[in-house]
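As stored in coords-v1.cif (mmCIF, C-alpha atoms):
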```
data_final
loop_
_atom_site.group_PDB
_atom_site.id
_atom_site.type_symbol
_atom_site.label_atom_id
_atom_site.label_comp_id
_atom_site.auth_asym_id
_atom_site.auth_seq_id
_atom_site.Cartn_x
_atom_site.Cartn_y
_atom_site.Cartn_z
ATOM 1 C CA MET A 481 77.009 20.157 86.705
ATOM 2 C CA SER A 482 80.694 20.198 85.987
ATOM 3 C CA VAL A 483 80.906 23.994 86.355
ATOM 4 C CA PRO A 484 80.109 23.983 90.080
ATOM 5 C CA ARG A 485 82.664 21.210 90.700
ATOM 6 C CA ALA A 486 85.321 23.177 88.844
ATOM 7 C CA ALA A 487 84.466 26.259 90.881
ATOM 8 C CA VAL A 488 84.779 24.256 94.120
ATOM 9 C CA VAL A 489 88.135 22.829 93.038
ATOM 10 C CA ILE A 490 89.432 26.283 92.049
ATOM 11 C CA ALA A 491 88.156 27.867 95.262
ATOM 12 C CA SER A 492 89.686 25.067 97.357
ATOM 13 C CA THR A 493 93.003 25.394 95.534
ATOM 14 C CA ILE A 494 93.041 29.160 96.081
ATOM 15 C CA ALA A 495 92.193 28.688 99.782
ATOM 16 C CA LEU A 496 94.985 26.109 100.221
ATOM 17 C CA PHE A 497 97.428 28.393 98.393
ATOM 18 C CA VAL A 498 96.542 31.387 100.599
ATOM 19 C CA ALA A 499 96.762 29.240 103.738
ATOM 20 C CA SER A 500 100.176 27.924 102.647
ATOM 21 C CA ILE A 501 101.468 31.443 102.103
ATOM 22 C CA GLY A 502 100.169 32.451 105.532
ATOM 23 C CA LEU A 503 101.892 29.498 107.196
ATOM 24 C CA ALA A 504 105.142 30.190 105.345
ATOM 25 C CA LEU A 505 105.097 33.868 106.335
ATOM 26 C CA GLY A 506 104.318 32.935 109.933
ATOM 27 C CA TRP A 507 107.236 30.493 109.986
ATOM 28 C CA LEU A 508 109.578 33.142 108.564
ATOM 29 C CA VAL A 509 108.501 35.693 111.163
ATOM 30 C CA VAL A 510 108.922 33.263 114.063
ATOM 31 C CA GLY A 511 112.197 31.995 112.582
ATOM 32 C CA HIS A 512 113.629 35.536 112.587
ATOM 33 C CA ASP A 513 112.145 36.640 115.890
ATOM 34 C CA PRO A 514 115.054 37.184 118.328
ATOM 35 C CA HIS A 515 112.780 36.079 121.176
ATOM 36 C CA HIS A 516 112.534 32.655 119.557
ATOM 37 C CA ALA A 517 116.255 32.330 118.751
ATOM 38 C CA ASP A 518 117.973 29.025 119.392
ATOM 39 C CA PRO A 519 119.755 29.296 122.787
ATOM 40 C CA LEU A 520 122.815 27.478 121.432
ATOM 41 C CA ASP A 521 123.128 29.899 118.510
ATOM 42 C CA ALA A 522 122.843 32.848 120.880
ATOM 43 C CA ALA A 523 125.458 31.335 123.220
ATOM 44 C CA ARG A 524 127.810 30.647 120.305
ATOM 45 C CA THR A 525 127.478 34.219 119.039
ATOM 46 C CA GLN A 526 128.136 35.666 122.503
ATOM 47 C CA ALA A 527 131.135 33.387 123.079
ATOM 48 C CA ILE A 528 132.669 34.319 119.724
ATOM 49 C CA GLU A 529 132.274 38.023 120.438
ATOM 50 C CA SER A 530 133.804 37.635 123.913
ATOM 51 C CA ALA A 531 136.713 35.593 122.535
ATOM 52 C CA ARG A 532 137.333 38.209 119.834
ATOM 53 C CA ARG A 533 137.288 41.082 122.342
ATOM 54 C CA THR A 534 139.451 39.293 124.923
ATOM 55 C CA ALA A 535 142.040 38.188 122.340
ATOM 56 C CA ILE A 536 142.389 41.797 121.207
ATOM 57 C CA ASP A 537 142.527 43.163 124.766
ATOM 58 C CA ILE A 538 145.129 40.628 125.924
ATOM 59 C CA ASN A 539 147.388 41.559 123.009
ATOM 60 C CA SER A 540 146.850 45.341 122.881
ATOM 61 C CA TYR A 541 148.657 47.500 125.403
ATOM 62 C CA ASP A 542 150.082 50.987 125.435
ATOM 63 C CA TYR A 543 152.676 51.789 128.080
ATOM 64 C CA ARG A 544 150.872 55.092 128.816
ATOM 65 C CA THR A 545 147.528 53.450 129.647
ATOM 66 C CA ILE A 546 148.538 49.918 130.586
ATOM 67 C CA ASP A 547 147.007 49.972 134.074
ATOM 68 C CA ARG A 548 143.530 50.751 132.690
ATOM 69 C CA GLN A 549 143.984 48.071 130.045
ATOM 70 C CA PHE A 550 144.962 45.547 132.710
ATOM 71 C CA ASP A 551 141.738 46.335 134.581
ATOM 72 C CA VAL A 552 139.732 45.589 131.423
ATOM 73 C CA VAL A 553 141.516 42.284 130.830
ATOM 74 C CA GLN A 554 141.009 41.146 134.433
ATOM 75 C CA GLY A 555 137.259 41.476 133.891
ATOM 76 C CA GLU A 556 137.416 39.176 130.839
ATOM 77 C CA ILE A 557 139.370 36.217 132.249
ATOM 78 C CA THR A 558 138.953 33.688 135.045
ATOM 79 C CA GLY A 559 140.526 30.620 136.626
ATOM 80 C CA ALA A 560 144.163 29.797 135.922
ATOM 81 C CA VAL A 561 144.413 32.492 133.248
ATOM 82 C CA LEU A 562 143.430 35.167 135.779
ATOM 83 C CA GLU A 563 145.782 33.695 138.374
ATOM 84 C CA ASN A 564 148.717 33.718 135.951
ATOM 85 C CA PHE A 565 147.827 37.229 134.769
ATOM 86 C CA ARG A 566 147.897 38.546 138.328
ATOM 87 C CA LYS A 567 151.286 36.906 138.956
ATOM 88 C CA THR A 568 152.928 38.331 135.827
ATOM 89 C CA LYS A 569 151.236 41.701 135.291
ATOM 90 C CA ASP A 570 153.784 43.724 137.305
ATOM 91 C CA SER A 571 156.742 42.444 135.302
ATOM 92 C CA VAL A 572 154.834 42.878 132.020
ATOM 93 C CA ARG A 573 153.841 46.397 133.057
ATOM 94 C CA ASN A 574 157.434 47.293 133.951
ATOM 95 C CA GLY A 575 158.708 45.935 130.634
ATOM 96 C CA PHE A 576 156.172 47.946 128.623
ATOM 97 C CA VAL A 577 156.659 51.159 130.598
ATOM 98 C CA ASN A 578 160.474 51.011 130.787
ATOM 99 C CA SER A 579 160.839 50.252 127.077
ATOM 100 C CA LYS A 580 157.893 52.436 125.986
ATOM 101 C CA ILE A 581 156.241 49.583 124.135
ATOM 102 C CA SER A 582 152.803 49.592 122.586
ATOM 103 C CA SER A 583 151.025 46.771 120.809
ATOM 104 C CA THR A 584 147.791 46.544 118.879
ATOM 105 C CA ALA A 585 145.948 43.449 117.754
ATOM 106 C CA GLN A 586 143.524 42.970 114.892
ATOM 107 C CA VAL A 587 141.391 39.910 114.282
ATOM 108 C CA LEU A 588 141.933 38.247 110.912
ATOM 109 C CA ALA A 589 139.488 35.380 111.437
ATOM 110 C CA VAL A 590 137.498 33.722 114.183
ATOM 111 C CA GLY A 591 135.651 30.421 114.401
ATOM 112 C CA THR A 592 134.030 28.089 116.883
ATOM 113 C CA VAL A 593 135.590 24.691 117.550
ATOM 114 C CA SER A 594 132.879 23.599 119.983
ATOM 115 C CA ALA A 595 130.061 25.251 121.878
ATOM 116 C CA THR A 596 127.367 24.560 124.416
ATOM 117 C CA GLU A 597 125.246 27.031 126.306
ATOM 118 C CA HIS A 598 127.842 27.045 129.126
ATOM 119 C CA ASP A 599 131.274 26.649 127.547
ATOM 120 C CA SER A 600 132.895 27.204 124.193
ATOM 121 C CA THR A 601 136.232 26.804 122.425
ATOM 122 C CA VAL A 602 137.033 29.467 119.846
ATOM 123 C CA LEU A 603 139.977 29.934 117.481
ATOM 124 C CA VAL A 604 141.067 33.527 116.905
ATOM 125 C CA TRP A 605 143.707 34.497 114.345
ATOM 126 C CA LEU A 606 145.343 37.821 115.153
ATOM 127 C CA THR A 607 147.859 40.145 113.658
ATOM 128 C CA VAL A 608 149.765 41.866 116.476
ATOM 129 C CA THR A 609 151.859 44.947 115.785
ATOM 130 C CA THR A 610 154.341 45.760 118.554
ATOM 131 C CA THR A 611 156.131 49.101 118.456
ATOM 132 C CA THR A 612 159.363 49.689 120.365
ATOM 133 C CA ASP A 613 161.359 52.894 119.870
ATOM 134 C CA GLY A 614 159.115 53.784 116.948
ATOM 135 C CA LYS A 615 159.927 50.547 115.116
ATOM 136 C CA PRO A 616 156.930 48.288 114.459
ATOM 137 C CA ALA A 617 157.182 44.509 114.309
ATOM 138 C CA VAL A 618 154.277 42.377 113.059
ATOM 139 C CA GLN A 619 153.438 38.866 114.251
ATOM 140 C CA HIS A 620 150.594 36.494 113.512
ATOM 141 C CA ALA A 621 149.110 34.949 116.611
ATOM 142 C CA PRO A 622 146.620 32.096 116.217
ATOM 143 C CA LEU A 623 145.021 31.425 119.603
ATOM 144 C CA ARG A 624 142.639 28.819 120.987
ATOM 145 C CA LEU A 625 140.497 30.255 123.771
ATOM 146 C CA HIS A 626 138.217 28.261 126.035
ATOM 147 C CA LEU A 627 135.413 30.285 127.593
ATOM 148 C CA LEU A 628 133.000 29.625 130.436
ATOM 149 C CA ARG A 629 129.666 31.324 130.891
ATOM 150 C CA GLN A 630 129.512 32.838 134.350
ATOM 151 C CA ASN A 631 126.248 34.604 135.093
ATOM 152 C CA SER A 632 125.624 36.464 131.838
ATOM 153 C CA SER A 633 129.291 36.923 130.868
ATOM 154 C CA TRP A 634 131.657 34.734 128.860
ATOM 155 C CA LEU A 635 135.103 34.604 130.502
ATOM 156 C CA VAL A 636 138.286 33.058 129.125
ATOM 157 C CA ASP A 637 139.683 30.327 131.373
ATOM 158 C CA GLN A 638 142.243 28.800 128.974
ATOM 159 C CA ILE A 639 144.467 30.278 126.267
ATOM 160 C CA ALA A 640 146.827 28.336 124.027
ATOM 161 C CA THR A 641 148.777 29.255 120.934
ATOM 162 C CA VAL A 642 148.046 27.206 117.845
ATOM 163 C CA SER A 643 150.973 26.074 115.746
#
```

For this file, write the structure as structure tokens.
Amino acid sequence: MSVPRAAVVIASTIALFVASIGLALGWLVVGHDPHHADPLDAARTQAIESARRTAIDINSYDYRTIDRQFDVVQGEITGAVLENFRKTKDSVRNGFVNSKISSTAQVLAVGTVSATEHDSTVLVWLTVTTTTDGKPAVQHAPLRLHLLRQNSSWLVDQIATVS
């Protein structure tokens, strides 16, 4: 009589084990399904990428293509930052063109300070190389960018240097 009980216990254990594996695999698949991603994680990732791109674009200009670069930047900023950009872009343009200046920025590190699905604050550490008369000068530029989600885009509405 003990043989059938042992068989039932073994069969039940095997069934529970198989069911557990099935549940674990199902959880892993749903956990990695982009359609089931956490909205806050997705927003954070998008905000970081927008902050990275905008920080580079705002600090990378070539006097030969500066007007096109300005158009790109204007599509990445909003609010007071856009207002200030529009007020100063002519003098910045003239300075770059008259002195034949180019600058390129590279991101060293980036991190989120805070994030919701609608706004985010991101720190971006840049190295900016500015070349005037063929002579490069390198600066480190840590920036704090605040971004707002407008429609499906993340736009920078505040920029501050970090000391």

- Contacts of range 587-603 of chain A at 9 Å (all atoms listed in the file; same-chain gap of 6+ positions) as a PyMOL selection string: chain A and resi 519-524+527-528+531-532+535-536+622-630+634+642

- Task: Grab the CA of Asp551 in chain A to CA of Asp537 in chain A distance for me, in Å with one decimal place.
- Result: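 So the two atoms, CA of Asp551 in chain A and CA of Asp537 in chain A, lie 10.3 Å apart.
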
- Item | Interatomic distance (Å, one decimal) between CA of Thr545 in chain A and CA of Ala617 in chain A | 20.2 Å

- Computed interatomic separation between CA of Ile639 in chain A and CA of Gln549 in chain A (Å):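 These atoms are spaced 18.2 Å apart.
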
- Task: Between A:Thr525, A:Asn564, A:Thr610, A:Ser540, single out the one closest to Gln638 in chain A, counting only C-alpha atoms.
- Result: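 Answer, going by the shortest atom-to-atom distance: A:Asn564.
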
- Message: Residue by residue, what does the PyMOL selection byres ((chain A and resi 569) around 12) grab here? Present the result as JSON, numbers by chain.
- Response: {"A": [538, 541, 546, 547, 549, 550, 551, 553, 554, 561, 562, 563, 564, 565, 566, 567, 568, 570, 571, 572, 573, 574, 575, 576, 577]}

Provide range 534-568 of chain A rebuilt to N, CA and C atoms, formatted as a compact mmCIF listing (two decimals), keeping the file's coordinate frame.
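Saved as part_30.txt:
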```
# COMPACT_ATOMS: atom_id res chain seq x y z
N THR A 534 138.40 39.64 123.96
CA THR A 534 139.45 39.29 124.92
C THR A 534 140.79 39.07 124.23
N ALA A 535 140.79 38.40 123.08
CA ALA A 535 142.04 38.19 122.34
C ALA A 535 142.68 39.52 121.96
N ILE A 536 141.87 40.46 121.54
CA ILE A 536 142.39 41.80 121.21
C ILE A 536 142.92 42.48 122.46
N ASP A 537 142.13 42.47 123.53
CA ASP A 537 142.53 43.16 124.77
C ASP A 537 143.79 42.58 125.39
N ILE A 538 143.95 41.26 125.33
CA ILE A 538 145.13 40.63 125.92
C ILE A 538 146.38 40.94 125.12
N ASN A 539 146.24 41.31 123.88
CA ASN A 539 147.39 41.56 123.01
C ASN A 539 147.55 43.02 122.61
N SER A 540 146.78 43.91 123.22
CA SER A 540 146.85 45.34 122.88
C SER A 540 147.10 46.16 124.15
N TYR A 541 148.30 46.67 124.25
CA TYR A 541 148.66 47.50 125.40
C TYR A 541 149.45 48.72 124.94
N ASP A 542 149.28 49.78 125.66
CA ASP A 542 150.08 50.99 125.44
C ASP A 542 150.70 51.33 126.78
N TYR A 543 151.98 51.55 126.82
CA TYR A 543 152.68 51.79 128.08
C TYR A 543 152.09 52.97 128.85
N ARG A 544 151.44 53.91 128.15
CA ARG A 544 150.87 55.09 128.82
C ARG A 544 149.55 54.80 129.51
N THR A 545 148.85 53.76 129.09
CA THR A 545 147.53 53.45 129.65
C THR A 545 147.41 52.00 130.09
N ILE A 546 148.52 51.37 130.34
CA ILE A 546 148.54 49.92 130.59
C ILE A 546 147.75 49.51 131.83
N ASP A 547 147.73 50.34 132.86
CA ASP A 547 147.01 49.97 134.07
C ASP A 547 145.51 49.88 133.81
N ARG A 548 144.95 50.81 133.06
CA ARG A 548 143.53 50.75 132.69
C ARG A 548 143.25 49.53 131.83
N GLN A 549 144.16 49.24 130.92
CA GLN A 549 143.98 48.07 130.04
C GLN A 549 144.04 46.77 130.84
N PHE A 550 144.91 46.72 131.84
CA PHE A 550 144.96 45.55 132.71
C PHE A 550 143.63 45.35 133.44
N ASP A 551 143.03 46.43 133.90
CA ASP A 551 141.74 46.34 134.58
C ASP A 551 140.68 45.73 133.66
N VAL A 552 140.68 46.12 132.40
CA VAL A 552 139.73 45.59 131.42
C VAL A 552 139.95 44.09 131.25
N VAL A 553 141.19 43.70 131.06
CA VAL A 553 141.52 42.28 130.83
C VAL A 553 141.12 41.44 132.03
N GLN A 554 141.36 41.92 133.24
CA GLN A 554 141.01 41.15 134.43
C GLN A 554 139.52 40.86 134.52
N GLY A 555 138.70 41.71 133.91
CA GLY A 555 137.26 41.48 133.89
C GLY A 555 136.82 40.49 132.82
N GLU A 556 137.76 40.06 131.96
CA GLU A 556 137.42 39.18 130.84
C GLU A 556 137.97 37.76 130.99
N ILE A 557 138.73 37.52 132.07
CA ILE A 557 139.37 36.22 132.25
C ILE A 557 139.03 35.65 133.62
N THR A 558 139.26 34.35 133.78
CA THR A 558 138.95 33.69 135.04
C THR A 558 139.88 32.49 135.23
N GLY A 559 139.79 31.85 136.37
CA GLY A 559 140.53 30.62 136.63
C GLY A 559 142.03 30.79 136.57
N ALA A 560 142.70 29.81 136.00
CA ALA A 560 144.16 29.80 135.92
C ALA A 560 144.70 30.95 135.08
N VAL A 561 143.96 31.36 134.08
CA VAL A 561 144.41 32.49 133.25
C VAL A 561 144.46 33.76 134.09
N LEU A 562 143.45 33.99 134.90
CA LEU A 562 143.43 35.17 135.78
C LEU A 562 144.54 35.08 136.82
N GLU A 563 144.72 33.89 137.38
CA GLU A 563 145.78 33.70 138.37
C GLU A 563 147.16 34.02 137.79
N ASN A 564 147.44 33.48 136.62
CA ASN A 564 148.72 33.72 135.95
C ASN A 564 148.87 35.20 135.58
N PHE A 565 147.79 35.81 135.12
CA PHE A 565 147.83 37.23 134.77
C PHE A 565 148.22 38.07 135.98
N ARG A 566 147.59 37.78 137.11
CA ARG A 566 147.90 38.55 138.33
C ARG A 566 149.34 38.37 138.77
N LYS A 567 149.90 37.17 138.57
CA LYS A 567 151.29 36.91 138.96
C LYS A 567 152.29 37.63 138.06
N THR A 568 151.96 37.80 136.79
CA THR A 568 152.93 38.33 135.83
C THR A 568 152.69 39.79 135.42
```
